[in-house]
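Peer 1: For reference, this is work.cif, and it has mmCIF, C-alpha atoms.
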data_entry
#
loop_
_atom_site.label_atom_id
_atom_site.label_comp_id
_atom_site.auth_asym_id
_atom_site.auth_seq_id
_atom_site.Cartn_x
_atom_site.Cartn_y
_atom_site.Cartn_z
CA MET A 1 5.10 18.30 -11.50
CA ASN A 2 8.70 17.85 -12.65
CA ALA A 3 8.86 14.15 -11.80
CA TRP A 4 5.86 13.44 -14.03
CA ARG A 5 7.50 15.23 -16.96
CA GLU A 6 10.83 13.50 -16.33
CA ALA A 7 9.26 10.04 -15.99
CA SER A 8 9.42 7.67 -18.93
CA PRO A 9 6.25 7.04 -20.99
CA THR A 10 6.07 3.55 -19.46
CA ALA A 11 6.25 4.97 -15.93
CA ARG A 12 3.47 7.44 -16.72
CA LEU A 13 1.27 4.67 -18.08
CA LEU A 14 1.95 2.56 -14.99
CA LEU A 15 0.95 5.47 -12.74
CA VAL A 16 -2.25 6.00 -14.75
CA ALA A 17 -2.96 2.30 -14.29
CA VAL A 18 -2.38 2.65 -10.54
CA LEU A 19 -4.80 5.59 -10.46
CA PHE A 20 -7.72 4.08 -12.38
CA THR A 21 -7.45 0.51 -11.11
CA GLY A 22 -7.22 1.94 -7.59
CA LEU A 23 -10.23 4.17 -8.20
CA THR A 24 -12.45 1.30 -9.38
CA THR A 25 -11.09 -1.06 -6.70
CA PHE A 26 -12.10 1.36 -3.96
CA MET A 27 -15.49 1.79 -5.61
CA PHE A 28 -15.88 -1.98 -5.18
CA LEU A 29 -14.30 -2.82 -1.80
CA PRO A 30 -16.40 -0.73 0.65
CA LEU A 31 -19.64 -1.94 -0.94
CA LEU A 32 -18.82 -5.66 -1.19
CA ALA A 33 -20.14 -6.56 2.28
CA ILE A 34 -23.27 -4.45 1.74
CA GLU A 35 -23.98 -6.16 -1.58
CA LEU A 36 -23.41 -9.66 -0.18
CA THR A 37 -25.77 -8.92 2.72
CA ALA A 38 -28.35 -7.52 0.30
CA GLN A 39 -28.20 -10.81 -1.61
CA GLY A 40 -29.34 -12.58 1.57
CA ILE A 41 -25.97 -14.03 2.52
CA PRO A 42 -25.70 -14.43 6.33
CA ALA A 43 -23.42 -12.03 8.21
CA GLY A 44 -21.02 -14.78 9.25
CA ARG A 45 -20.50 -15.96 5.67
CA THR A 46 -20.21 -12.38 4.46
CA GLY A 47 -17.44 -11.76 6.97
CA PHE A 48 -15.69 -14.92 5.80
CA LEU A 49 -15.85 -13.84 2.14
CA VAL A 50 -14.54 -10.35 2.88
CA GLY A 51 -11.75 -11.88 4.97
CA LEU A 52 -10.99 -14.32 2.16
CA LEU A 53 -10.49 -11.40 -0.20
CA ALA A 54 -7.97 -9.78 2.16
CA PHE A 55 -6.21 -13.11 2.76
CA SER A 56 -5.96 -13.87 -0.96
CA GLY A 57 -4.37 -10.48 -1.55
CA GLN A 58 -1.79 -10.76 1.22
CA ALA A 59 -0.95 -14.43 1.79
CA PHE A 60 1.02 -14.93 -1.43
CA SER A 61 3.28 -11.87 -1.27
CA LEU A 62 6.54 -13.82 -1.01
CA LEU A 63 5.48 -16.20 -3.78
CA THR A 64 4.51 -13.22 -5.94
CA GLY A 65 7.94 -11.68 -5.37
CA LEU A 66 9.62 -14.92 -6.46
CA LEU A 67 7.42 -15.03 -9.57
CA VAL A 68 8.33 -11.45 -10.44
CA ASP A 69 12.04 -12.25 -10.22
CA ARG A 70 11.70 -15.57 -12.04
CA PHE A 71 9.36 -14.69 -14.91
CA GLY A 72 9.61 -10.90 -15.07
CA ALA A 73 7.39 -8.14 -13.74
CA HIS A 74 5.58 -7.60 -17.05
CA ARG A 75 4.38 -11.20 -17.29
CA VAL A 76 3.25 -11.23 -13.67
CA MET A 77 1.47 -7.90 -14.19
CA SER A 78 -0.36 -9.30 -17.24
CA ALA A 79 -1.44 -12.32 -15.20
CA GLY A 80 -2.66 -9.97 -12.45
CA PHE A 81 -4.79 -7.96 -14.87
CA LEU A 82 -6.24 -11.16 -16.36
CA LEU A 83 -7.05 -12.71 -12.98
CA ARG A 84 -8.78 -9.56 -11.79
CA VAL A 85 -10.91 -9.30 -14.93
CA VAL A 86 -11.93 -12.96 -14.58
CA GLY A 87 -12.61 -12.43 -10.87
CA TYR A 88 -14.91 -9.45 -11.39
CA VAL A 89 -16.81 -11.32 -14.12
CA LEU A 90 -17.26 -14.33 -11.82
CA LEU A 91 -18.57 -12.03 -9.08
CA GLY A 92 -21.12 -10.77 -11.58
CA PHE A 93 -22.30 -14.36 -12.10
CA GLY A 94 -22.37 -14.92 -8.33
CA GLY A 95 -25.57 -12.98 -7.83
CA GLY A 96 -28.14 -14.60 -5.60
CA GLY A 97 -25.46 -16.18 -3.45
CA ALA A 98 -24.23 -18.82 -5.95
CA GLN A 99 -21.30 -20.14 -3.95
CA ALA A 100 -18.82 -21.49 -6.51
CA PRO A 101 -18.50 -18.38 -8.75
CA LEU A 102 -18.60 -16.11 -5.71
CA VAL A 103 -15.70 -17.80 -3.91
CA ALA A 104 -13.71 -18.26 -7.13
CA GLY A 105 -14.26 -14.62 -8.07
CA ILE A 106 -13.14 -13.31 -4.67
CA VAL A 107 -9.99 -15.46 -4.70
CA ALA A 108 -9.19 -14.37 -8.28
CA VAL A 109 -9.62 -10.69 -7.42
CA GLY A 110 -7.45 -11.05 -4.31
CA VAL A 111 -4.61 -13.01 -5.92
CA GLY A 112 -4.78 -10.83 -9.03
CA GLY A 113 -4.43 -7.75 -6.84
CA SER A 114 -1.33 -9.23 -5.21
CA LEU A 115 0.26 -9.96 -8.59
CA LEU A 116 -0.71 -6.58 -9.96
CA GLY A 117 0.37 -4.49 -6.99
CA LEU A 118 3.81 -6.01 -6.53
CA SER A 119 4.65 -6.18 -10.24
CA THR A 120 3.71 -2.55 -10.94
CA LYS A 121 5.64 -1.40 -7.87
CA THR A 122 8.70 -3.35 -9.06
CA LEU A 123 8.43 -1.85 -12.54
CA LEU A 124 8.12 1.67 -11.15
CA VAL A 125 11.20 1.47 -8.93
CA SER A 126 13.12 -0.11 -11.83
CA GLN A 127 12.55 2.79 -14.24
CA GLU A 128 15.76 4.32 -15.57
CA GLY A 129 16.42 7.99 -14.86
CA THR A 130 14.19 8.28 -11.78
CA ASP A 131 15.06 7.25 -8.24
CA ALA A 132 12.96 4.76 -6.31
CA ARG A 133 11.86 7.32 -3.71
CA THR A 134 10.27 9.56 -6.33
CA MET A 135 8.40 6.68 -7.96
CA LEU A 136 7.17 5.35 -4.63
CA ALA A 137 5.99 8.83 -3.59
CA LEU A 138 4.10 9.27 -6.88
CA ARG A 139 2.59 5.80 -6.57
CA SER A 140 1.40 6.51 -3.03
CA THR A 141 -0.17 9.78 -4.18
CA PHE A 142 -2.04 8.11 -7.05
CA VAL A 143 -3.21 5.24 -4.83
CA ASN A 144 -4.64 7.68 -2.30
CA VAL A 145 -6.56 9.54 -4.98
CA GLY A 146 -8.42 6.26 -5.41
CA VAL A 147 -8.79 5.81 -1.65
CA VAL A 148 -10.39 9.25 -1.31
CA ALA A 149 -12.49 9.41 -4.49
CA GLY A 150 -13.32 5.72 -5.01
CA PRO A 151 -15.79 5.21 -2.13
CA ALA A 152 -17.66 8.42 -2.97
CA LEU A 153 -17.89 7.45 -6.65
CA GLY A 154 -19.00 3.96 -5.69
CA ALA A 155 -21.72 5.34 -3.43
CA ALA A 156 -22.99 7.49 -6.32
CA VAL A 157 -23.08 4.57 -8.77
CA TYR A 158 -24.40 1.88 -6.39
CA PRO A 159 -28.09 2.91 -6.66
CA LEU A 160 -27.87 1.97 -10.35
CA GLY A 161 -26.80 -1.55 -9.37
CA PHE A 162 -23.64 -3.30 -8.18
CA GLY A 163 -23.21 -4.69 -11.69
CA TRP A 164 -22.25 -1.22 -12.95
CA ILE A 165 -19.42 -1.05 -10.42
CA LEU A 166 -18.18 -4.50 -11.49
CA ALA A 167 -18.39 -3.37 -15.13
CA ALA A 168 -16.25 -0.32 -14.33
CA CYS A 169 -13.68 -2.58 -12.64
CA VAL A 170 -13.59 -4.94 -15.64
CA LEU A 171 -13.32 -2.09 -18.13
CA SER A 172 -10.51 -0.27 -16.31
CA HIS A 173 -8.42 -3.43 -15.86
CA LEU A 174 -9.07 -4.68 -19.37
CA VAL A 175 -8.23 -1.40 -21.13
CA LEU A 176 -5.17 -0.55 -19.05
CA GLY A 177 -3.87 -4.12 -19.03
CA THR A 178 -4.15 -4.35 -22.80
CA ARG A 179 -2.46 -0.97 -23.24
CA LEU A 180 0.48 -1.95 -21.01
CA VAL A 181 0.91 -5.32 -22.73
CA LEU A 182 0.89 -3.69 -26.17
CA ARG A 183 3.37 -1.05 -25.05
CA ARG A 184 5.64 -3.77 -23.69
CA SER A 185 5.50 -5.60 -27.03
CA VAL A 186 6.43 -2.46 -28.96
CA THR A 187 9.26 -1.58 -26.56
CA ALA A 188 10.66 -5.10 -26.65
CA SER A 189 10.75 -5.08 -30.45
CA ARG A 190 12.76 -1.85 -30.46
CA SER A 191 15.36 -2.64 -27.85
CA ARG A 192 17.06 -5.69 -26.44
CA PRO A 193 17.07 -5.89 -22.64
CA ALA A 194 20.43 -5.63 -20.96
CA ALA A 195 21.14 -9.01 -19.42
CA GLY A 196 23.10 -9.30 -16.22
CA ARG A 197 23.11 -5.61 -15.40
CA PRO A 198 25.47 -5.06 -12.46
CA PRO A 199 24.23 -3.65 -9.18
CA ALA A 200 23.90 0.11 -9.07
CA PRO A 201 26.51 2.00 -7.07
CA ALA A 202 25.72 3.29 -3.64
CA ALA A 203 25.70 6.99 -2.83
CA ASP A 204 29.38 7.07 -1.96
CA GLY A 205 30.38 5.37 -5.19
CA ALA A 206 31.05 1.97 -3.63
CA PRO A 207 29.31 -1.03 -5.21
CA ALA A 208 25.98 -1.81 -3.63
CA THR A 209 25.96 -5.21 -1.91
CA PRO A 210 22.92 -7.20 -0.81
CA TRP A 211 22.12 -7.30 2.88
CA THR A 212 22.68 -10.30 5.09
CA LEU A 213 19.85 -12.01 6.99
CA ARG A 214 20.96 -10.23 10.17
CA GLN A 215 20.40 -6.88 8.44
CA TRP A 216 17.07 -7.95 6.93
CA LEU A 217 15.51 -9.04 10.23
CA PRO A 218 15.19 -5.51 11.74
CA LEU A 219 13.68 -4.21 8.48
CA CYS A 220 11.08 -6.99 8.35
CA GLY A 221 10.39 -6.42 12.06
CA LEU A 222 9.77 -2.76 11.34
CA GLY A 223 7.36 -3.75 8.57
CA VAL A 224 5.41 -5.85 11.06
CA ALA A 225 5.50 -3.04 13.65
CA TYR A 226 4.33 -0.39 11.18
CA TRP A 227 1.25 -2.31 10.08
CA ALA A 228 0.46 -3.48 13.62
CA ILE A 229 0.45 0.14 14.81
CA TYR A 230 -1.29 1.50 11.70
CA SER A 231 -4.03 -1.18 11.88
CA GLN A 232 -5.35 0.46 15.05
CA LEU A 233 -6.91 3.09 12.80
CA ASN A 234 -9.33 0.34 11.76
CA VAL A 235 -9.71 -1.38 15.15
CA LEU A 236 -9.32 0.92 18.16
CA LEU A 237 -9.77 4.35 16.62
CA PRO A 238 -13.33 4.04 15.19
CA ILE A 239 -14.77 3.03 18.55
CA THR A 240 -12.69 5.55 20.49
CA ALA A 241 -13.60 8.34 18.06
CA ASN A 242 -17.29 7.58 18.50
CA GLU A 243 -16.94 7.55 22.29
CA MET A 244 -14.94 10.81 22.39
CA THR A 245 -17.15 12.80 20.04
CA GLY A 246 -20.54 11.11 20.21
CA SER A 247 -20.59 11.02 16.42
CA THR A 248 -20.39 7.95 14.19
CA ALA A 249 -19.13 10.22 11.41
CA ALA A 250 -15.98 11.13 13.36
CA ILE A 251 -13.87 8.30 11.91
CA SER A 252 -14.95 9.27 8.38
CA VAL A 253 -13.59 12.76 9.03
CA VAL A 254 -10.26 11.24 10.09
CA PHE A 255 -9.95 9.03 7.02
CA THR A 256 -11.02 11.75 4.60
CA ALA A 257 -8.57 14.26 6.05
CA ASN A 258 -5.84 11.62 6.07
CA GLY A 259 -6.36 10.76 2.41
CA LEU A 260 -6.46 14.39 1.30
CA LEU A 261 -3.26 15.24 3.17
CA VAL A 262 -1.44 12.29 1.55
CA VAL A 263 -2.63 13.30 -1.92
CA LEU A 264 -1.58 16.92 -1.40
CA PHE A 265 1.75 16.50 0.39
CA GLN A 266 3.18 12.98 -0.13
CA TYR A 267 5.22 13.83 -3.21
CA THR A 268 6.41 17.23 -1.98
CA LEU A 269 7.45 15.80 1.38
CA LEU A 270 9.64 13.02 -0.01
CA ARG A 271 10.85 14.68 -3.19
CA HIS A 272 11.68 18.14 -1.82
CA VAL A 273 11.49 18.51 1.98
CA PHE A 274 13.34 15.28 2.81
CA ARG A 275 15.12 14.83 -0.49
CA ARG A 276 18.59 14.38 1.04
CA ALA A 277 17.51 12.32 4.04
CA THR A 278 18.26 8.60 4.09
CA ALA A 279 15.43 6.08 4.28
CA ARG A 280 16.60 5.17 7.80
CA THR A 281 16.21 8.78 8.93
CA LEU A 282 12.70 8.94 7.44
CA LEU A 283 11.74 5.75 9.27
CA VAL A 284 12.93 7.17 12.60
CA LEU A 285 10.97 10.39 12.02
CA GLY A 286 7.91 8.41 10.94
CA PHE A 287 7.76 6.26 14.07
CA LEU A 288 8.33 9.35 16.24
CA ALA A 289 5.35 10.92 14.46
CA PHE A 290 3.33 7.81 15.33
CA ALA A 291 4.26 8.30 18.99
CA CYS A 292 3.13 11.94 18.85
CA ALA A 293 -0.12 10.97 17.14
CA TYR A 294 -1.17 8.40 19.74
CA ALA A 295 -0.01 10.68 22.56
CA THR A 296 -2.68 13.20 21.50
CA LEU A 297 -5.35 10.60 22.33
CA ILE A 298 -4.22 10.06 25.93
CA PRO A 299 -6.26 13.02 27.31
CA LEU A 300 -9.37 11.77 25.42
CA ALA A 301 -10.24 15.39 24.74
CA GLY A 302 -12.98 14.83 22.17
CA TRP A 303 -12.67 16.50 18.79
CA TYR A 304 -9.53 18.35 19.93
CA SER A 305 -7.63 15.08 20.42
CA LEU A 306 -9.02 13.58 17.24
CA LEU A 307 -8.14 16.52 15.01
CA ALA A 308 -4.69 16.81 16.61
CA PHE A 309 -4.20 13.11 15.84
CA VAL A 310 -4.72 13.46 12.07
CA VAL A 311 -1.59 15.41 11.10
CA PRO A 312 1.10 13.34 12.89
CA VAL A 313 -0.48 9.99 11.95
CA THR A 314 -0.62 11.09 8.30
CA LEU A 315 2.99 12.23 8.50
CA ALA A 316 3.93 8.80 9.85
CA GLU A 317 2.10 7.09 7.00
CA MET A 318 3.75 9.29 4.36
CA LEU A 319 7.25 8.71 5.75
CA ILE A 320 7.20 5.05 6.78
CA GLY A 321 5.31 3.24 4.01
CA PRO A 322 7.41 4.35 1.02
CA SER A 323 10.64 4.32 3.08
CA LEU A 324 10.22 0.65 4.01
CA ASP A 325 9.92 -0.22 0.32
CA GLU A 326 12.81 2.07 -0.58
CA GLN A 327 15.04 0.46 2.04
CA ALA A 328 14.05 -2.99 0.75
CA VAL A 329 14.93 -1.97 -2.83
CA ASN A 330 18.30 -0.63 -1.67
CA ALA A 331 19.00 -3.86 0.22
CA ALA A 332 17.99 -6.25 -2.55
CA ALA A 333 20.47 -8.36 -4.48
CA THR A 334 20.60 -7.99 -8.26
CA ARG A 335 17.36 -9.21 -9.86
CA ARG A 336 15.76 -9.81 -6.46
CA THR A 337 13.71 -6.61 -6.22
CA GLY A 338 10.44 -8.56 -6.47
CA LEU A 339 11.38 -10.82 -3.57
CA ALA A 340 12.47 -7.82 -1.47
CA LEU A 341 9.18 -6.00 -2.01
CA GLY A 342 7.28 -9.27 -1.49
CA ALA A 343 9.00 -9.72 1.87
CA MET A 344 7.82 -6.27 2.95
CA SER A 345 4.27 -7.05 1.81
CA ALA A 346 4.35 -10.31 3.77
CA ALA A 347 5.59 -8.45 6.85
CA GLY A 348 2.71 -6.03 6.39
CA ALA A 349 0.20 -8.88 6.22
CA LEU A 350 1.60 -10.40 9.42
CA GLY A 351 1.59 -7.01 11.15
CA SER A 352 -2.02 -6.31 10.15
CA LEU A 353 -3.14 -9.69 11.48
CA PHE A 354 -1.24 -9.29 14.74
CA GLY A 355 -2.30 -5.64 15.16
CA SER A 356 -5.99 -6.37 14.56
CA SER A 357 -5.94 -9.30 17.00
CA ALA A 358 -4.04 -7.34 19.65
CA GLY A 359 -6.28 -4.31 19.17
CA GLY A 360 -9.37 -6.44 19.67
CA TYR A 361 -7.89 -7.95 22.84
CA LEU A 362 -6.97 -4.51 24.20
CA LEU A 363 -10.47 -3.32 23.41
CA GLN A 364 -11.92 -6.13 25.52
CA THR A 365 -9.55 -5.78 28.48
CA ALA A 366 -9.02 -1.99 28.69
CA ARG A 367 -11.35 -0.13 31.03
CA GLY A 368 -11.02 3.35 29.63
CA GLY A 369 -8.22 5.79 30.30
CA GLY A 370 -5.05 6.26 28.30
CA GLU A 371 -3.22 2.97 28.99
CA VAL A 372 -3.83 1.65 25.48
CA TRP A 373 -2.49 4.81 23.88
CA LEU A 374 0.54 4.81 26.20
CA LEU A 375 1.29 1.27 25.02
CA LEU A 376 1.11 2.39 21.39
CA VAL A 377 3.34 5.40 22.12
CA GLY A 378 5.89 3.09 23.74
CA SER A 379 5.70 0.66 20.81
CA SER A 380 6.28 3.50 18.35
CA LEU A 381 9.31 4.76 20.29
CA ALA A 382 10.73 1.22 20.44
CA ALA A 383 10.33 0.89 16.66
CA ALA A 384 12.10 4.26 16.17
CA ALA A 385 15.02 2.90 18.20
CA ILE A 386 15.13 -0.31 16.12
CA CYS A 387 15.43 1.83 12.97
CA LEU A 388 18.91 2.82 14.14
CA LEU A 389 20.02 -0.80 13.63
CA LEU A 390 19.53 -0.44 9.87
CA PRO A 391 22.50 0.43 7.63
CA LYS A 392 22.54 4.09 6.57
CA VAL A 393 22.12 3.80 2.79
CA ARG A 394 20.90 6.46 0.40
CA THR A 395 18.48 5.65 -2.38
CA ARG A 396 19.78 4.21 -5.60
CA HIS A 397 18.43 2.99 -8.93
CA VAL A 398 17.49 -0.65 -9.20
#
Write out the structure in this file as C-alpha cells.
Peer 2:
Amino acid sequence: MNAWREASPTARLLLVAVLFTGLTTFMFLPLLAIELTAQGIPAGRTGFLVGLLAFSGQAFSLLTGLLVDRFGAHRVMSAGFLLRVVGYVLLGFGGGGAQAPLVAGIVAVGVGGSLLGLSTKTLLVSQEGTDARTMLALRSTFVNVGVVAGPALGAAVYPLGFGWILAACVLSHLVLGTRLVLRRSVTASRSRPAAGRPPAPAADGAPATPWTLRQWLPLCGLGVAYWAIYSQLNVLLPITANEMTGSTAAISVVFTANGLLVVLFQYTLLRHVFRRATARTLLVLGFLAFACAYATLIPLAGWYSLLAFVVPVTLAEMLIGPSLDEQAVNAAATRRTGLALGAMSAAGALGSLFGSSAGGYLLQTARGGGEVWLLLVGSSLAAAAICLLLPKVRTRHV
C-alpha cells in the first residue's frame, strides 16, 4: 500500500494505535451488557449503564474539539489514553455490581474514547505530505478491522473471564499510549514546531478561507442526516431482516459483509477510484447510494432484498463518513481543526439520537409495507440535494 509507505512514522504509529485500541474496544463493547447481566444487575440498570457509555463518548465532542485546539492534540490524546486505562481498571473493580467504580469506570472509558478518537483523527489529517482524504480512508479501514475481528476475538476470550478482555484493553492502551507519548517527546526535542503556520492554499492556488456560519449549517445538517439514516441499521433493519428471512442471524450477515467490504475497498475507493472528485461530489453520490439501498427493501423480498441492500449501504458509508470529516477539515479556520471535527462528531451524536427515536416511533406506527423505506429513500434524496449547497472545495493539507 503506497500510502502506508509514504506516511510518516508518526502517522503509521497512530494507525497502529487505531487498529489495536479499536480491536480491544470491540472485544469489550458487545459483551458489556452480557457481563453486567451475568453479575445480577437488572436489565433496566444495564441499559442505563450501556447508554451512559455511549452518552459519555458523544456528549462532549464540541468540548473535546476546543480542548484539542487549545492544548494540542498530543496532550488531549495522552489524557484519553490515561482515562481509558483508569476506566477499564475501575470496571475490573466493579465486579459484583459495585456501583461507584462501575459508573466511574464507564464514564472514564466513554470520555477517554471521545478524547482519544478526536485527537488521533486531528493528528492524522494534520500529517505533512499526505492529504486528509488518504488519512481518513486509512483510519476508516483500520477501525473496521477492529469492528469485524473484535467481537469474534472477544467471544473466543470471554469463556476465560471478562477480566481477560479488560486486561487486553488496559495493555493495548497503556503500551500504545506510552509509545506515542515517548515518540512525541523525541520528536519535540529534535524540531521546533512552526508557530502561526498560514492556511494551506486551496486547489486553485487561492488562499483557503474559513467558512461562514451560513456555509457550516448545511454541513452540520448533513452530519445529522447521515447518522439518522445510518442508525436505522441498528433500529429498523434487525427486526425487518428477521421478519423477511425468518432468521435471527440475518442481521449478523449484513454487518459482517458490511465490515469486510469496508476493510477491502475503503482505501481503494477514495484514494484511486474517486481520487479527483471533490468531497461534495462524494457526499452526493453517498446519499444517492443510501436511497438505492433502502429502495431495495421496499419489495420485502427476503434474502434477495437484504443481500441487495448490503453493497449500496456500504458504498454510502464509505463515501459519506470520511467525506464529512474531509469537508470539515477543508472548511476549518487555522488551528481550528479540532473544533471542526468535534462539530461533526456532535452532529453525529444528535443524528444518532434523533434517528433511533424516529426509527422506534416508525416501528410502532408502521403496519408493514414499504412506507418506512420510501420515507428513508426520500430523506436520502433530500440530503443529496442539500449537498449541492456546499462550496465545491478540493482536499487540502491542514
Peer 1: Neighbouring residues of Ala149 of chain A were defined as those with any atom within 9 Å, considering all atoms listed in the file; residues of the same chain fewer than 3 positions away were excluded. Please report them as a ChimeraX atom specification.
Peer 2: /A:23,26-27,144-146,152-154
Peer 1: Might you spell out which residues the PyMOL selection byres ((chain A and resi 376-387) around 6) would select in the displayed file, as a list in words?
Peer 2: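 So the PyMOL selection byres ((chain A and resi 376-387) around 6), applied here, picks out Val284, Phe287, Ala291, Tyr294, Trp373, Leu374, Leu375, Leu388, Leu389 and Leu390 of chain A.
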Peer 1: Taking only C-alpha atoms into account, name the residue in A:Leu341, A:Ala308, A:Val68, A:Leu63 that is nearest to Asn258 of chain A.
Peer 2: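 Smallest distance to Asn258 of chain A is found for A:Ala308.
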Peer 1: For Phe354 of chain A, which residue among A:Asn242, A:Val235, A:Leu102, A:Gly22 is the nearest when counting only C-alpha atoms?
Peer 2: A:Val235
Peer 1: Find the residues around Ser357 of chain A up to 12 Å (only C-alpha atoms counted), leave out those fewer than 2 positions away in its own chain, and share them as a list of chain:residue names.
Peer 2: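 In the requested format, the answer is A:Ala228, A:Ile229, A:Ser231, A:Gln232, A:Asn234, A:Val235, A:Leu236, A:Leu350, A:Gly351, A:Ser352, A:Leu353, A:Phe354, A:Gly355, A:Gly359, A:Gly360, A:Tyr361, A:Leu362, A:Leu363, A:Gln364.
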Peer 1: Please write the residues picked by the PyMOL selection byres ((chain A and resi 87) around 8) on this file as a PDB file with C-alpha atoms, in the frame of the given file.
Peer 2:
ATOM      1  CA  LEU A  83      -7.050 -12.710 -12.980  1.00  0.00           C
ATOM      2  CA  ARG A  84      -8.780  -9.560 -11.790  1.00  0.00           C
ATOM      3  CA  VAL A  85     -10.910  -9.300 -14.930  1.00  0.00           C
ATOM      4  CA  VAL A  86     -11.930 -12.960 -14.580  1.00  0.00           C
ATOM      5  CA  TYR A  88     -14.910  -9.450 -11.390  1.00  0.00           C
ATOM      6  CA  VAL A  89     -16.810 -11.320 -14.120  1.00  0.00           C
ATOM      7  CA  LEU A  90     -17.260 -14.330 -11.820  1.00  0.00           C
ATOM      8  CA  LEU A  91     -18.570 -12.030  -9.080  1.00  0.00           C
ATOM      9  CA  ALA A 104     -13.710 -18.260  -7.130  1.00  0.00           C
ATOM     10  CA  GLY A 105     -14.260 -14.620  -8.070  1.00  0.00           C
ATOM     11  CA  ILE A 106     -13.140 -13.310  -4.670  1.00  0.00           C
ATOM     12  CA  VAL A 107      -9.990 -15.460  -4.700  1.00  0.00           C
ATOM     13  CA  ALA A 108      -9.190 -14.370  -8.280  1.00  0.00           C
ATOM     14  CA  VAL A 109      -9.620 -10.690  -7.420  1.00  0.00           C
TER      15      VAL A 109
END
Peer 1: Using only C-alpha atoms, which protein or nucleic acid residues come within 7 Å of segment 163-178 of chain A? Drop anything in the same chain fewer than 6 positions from it, and give the result as a list of chain:residue names.
Peer 2: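 Counting only the stated atoms, we get A:Ala17, A:Phe20, A:Thr21, A:Thr24, A:Thr25, A:Met27, A:Phe28, A:Ser78, A:Phe81, A:Val85, A:Tyr88, A:Gly92, A:Gly154, A:Val157.
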Peer 1: For Ile320 of chain A, which residue among A:Ser114, A:Thr281, A:Ser345, A:Gln39 is the nearest when counting only C-alpha atoms?
Peer 2: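 Ranking A:Ser114, A:Thr281, A:Ser345, A:Gln39 by distance to Ile320 of chain A, first place goes to A:Thr281.
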Peer 1: What is the atom CA of Leu19 of chain A-atom CA of Ser323 of chain A distance in Å, reported with one decimal?
Peer 2: 20.6 Å
Peer 1: Which value, in Å to one decimal, gives the distance between atom CA of Pro312 of chain A and atom CA of Leu288 of chain A?
Peer 2: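 Result for atom CA of Pro312 of chain A versus atom CA of Leu288 of chain A: 8.9 Å, one decimal.
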Peer 1: Which value, in Å to one decimal, gives the distance between atom CA of Val313 of chain A and atom CA of Ala289 of chain A?
Peer 2: 6.4 Å
Peer 1: From the set A:Pro151, A:Leu213, A:Val16, A:Ala343, which residue has the shortest atom-to-atom contact distance to Leu324 of chain A, counting only C-alpha atoms?
Peer 2: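 The closest residue to Leu324 of chain A is A:Ala343.
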Peer 1: Calculated over all atoms listed in the file, which of the candidates A:Val254, A:Leu14, A:Ala331, A:Leu269 has the smallest distance to Leu306 of chain A?
Peer 2: A:Val254
Peer 1: Let me make sure I understand: among A:Leu285, A:Arg335, A:Leu219, A:Arg275, which one has the smallest atom-to-atom distance to Pro391 of chain A if we use only C-alpha atoms?
Peer 2: A:Leu219
Peer 1: Tell me which protein, DNA and RNA residues are within 12 Å of Arg133 of chain A, counting only C-alpha atoms, leaving out same-chain ones fewer than 3 positions away, and put them as a PyMOL selection string.
Peer 2: chain A and resi 3+121+124-127+130+136-140+266-272+274-279+282+318-330+394-398
Peer 1: Could you write out that same residue set with C-alpha atoms as a short mmCIF file (atom, residue, chain, number, x, y, z; two decimals), in the coordinates of the input?
Peer 2:
data_model
loop_
_atom_site.label_atom_id
_atom_site.label_comp_id
_atom_site.auth_asym_id
_atom_site.auth_seq_id
_atom_site.Cartn_x
_atom_site.Cartn_y
_atom_site.Cartn_z
CA ALA A 3 8.86 14.15 -11.80
CA LYS A 121 5.64 -1.40 -7.87
CA LEU A 124 8.12 1.67 -11.15
CA VAL A 125 11.20 1.47 -8.93
CA SER A 126 13.12 -0.11 -11.83
CA GLN A 127 12.55 2.79 -14.24
CA THR A 130 14.19 8.28 -11.78
CA LEU A 136 7.17 5.35 -4.63
CA ALA A 137 5.99 8.83 -3.59
CA LEU A 138 4.10 9.27 -6.88
CA ARG A 139 2.59 5.80 -6.57
CA SER A 140 1.40 6.51 -3.03
CA GLN A 266 3.18 12.98 -0.13
CA TYR A 267 5.22 13.83 -3.21
CA THR A 268 6.41 17.23 -1.98
CA LEU A 269 7.45 15.80 1.38
CA LEU A 270 9.64 13.02 -0.01
CA ARG A 271 10.85 14.68 -3.19
CA HIS A 272 11.68 18.14 -1.82
CA PHE A 274 13.34 15.28 2.81
CA ARG A 275 15.12 14.83 -0.49
CA ARG A 276 18.59 14.38 1.04
CA ALA A 277 17.51 12.32 4.04
CA THR A 278 18.26 8.60 4.09
CA ALA A 279 15.43 6.08 4.28
CA LEU A 282 12.70 8.94 7.44
CA MET A 318 3.75 9.29 4.36
CA LEU A 319 7.25 8.71 5.75
CA ILE A 320 7.20 5.05 6.78
CA GLY A 321 5.31 3.24 4.01
CA PRO A 322 7.41 4.35 1.02
CA SER A 323 10.64 4.32 3.08
CA LEU A 324 10.22 0.65 4.01
CA ASP A 325 9.92 -0.22 0.32
CA GLU A 326 12.81 2.07 -0.58
CA GLN A 327 15.04 0.46 2.04
CA ALA A 328 14.05 -2.99 0.75
CA VAL A 329 14.93 -1.97 -2.83
CA ASN A 330 18.30 -0.63 -1.67
CA ARG A 394 20.90 6.46 0.40
CA THR A 395 18.48 5.65 -2.38
CA ARG A 396 19.78 4.21 -5.60
CA HIS A 397 18.43 2.99 -8.93
CA VAL A 398 17.49 -0.65 -9.20
#
Peer 1: Please write out, as lines of an AutoDock Vina configuration file, where the centre of an axis-aligned box around all listed atoms of segment 312-326 of chain A lies and how long its edges are, in Å to one decimal, after adding 8 Å on each side.
Peer 2:
center_x = 6.1
center_y = 6.6
center_z = 6.2
size_x = 29.4
size_y = 29.6
size_z = 29.5
Peer 1: For the file shown, what are the residues hit by the PyMOL selection byres ((chain A and resi 336) around 10), laid out as a list in words?
Peer 2: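 So the PyMOL selection byres ((chain A and resi 336) around 10) ends up selecting Gly65, Leu66, Val68, Asp69, Arg70, Thr122, Pro210, Val329, Ala331, Ala332, Ala333, Thr334, Arg335, Thr337, Gly338, Leu339, Ala340, Leu341, Gly342 and Val398 of chain A.
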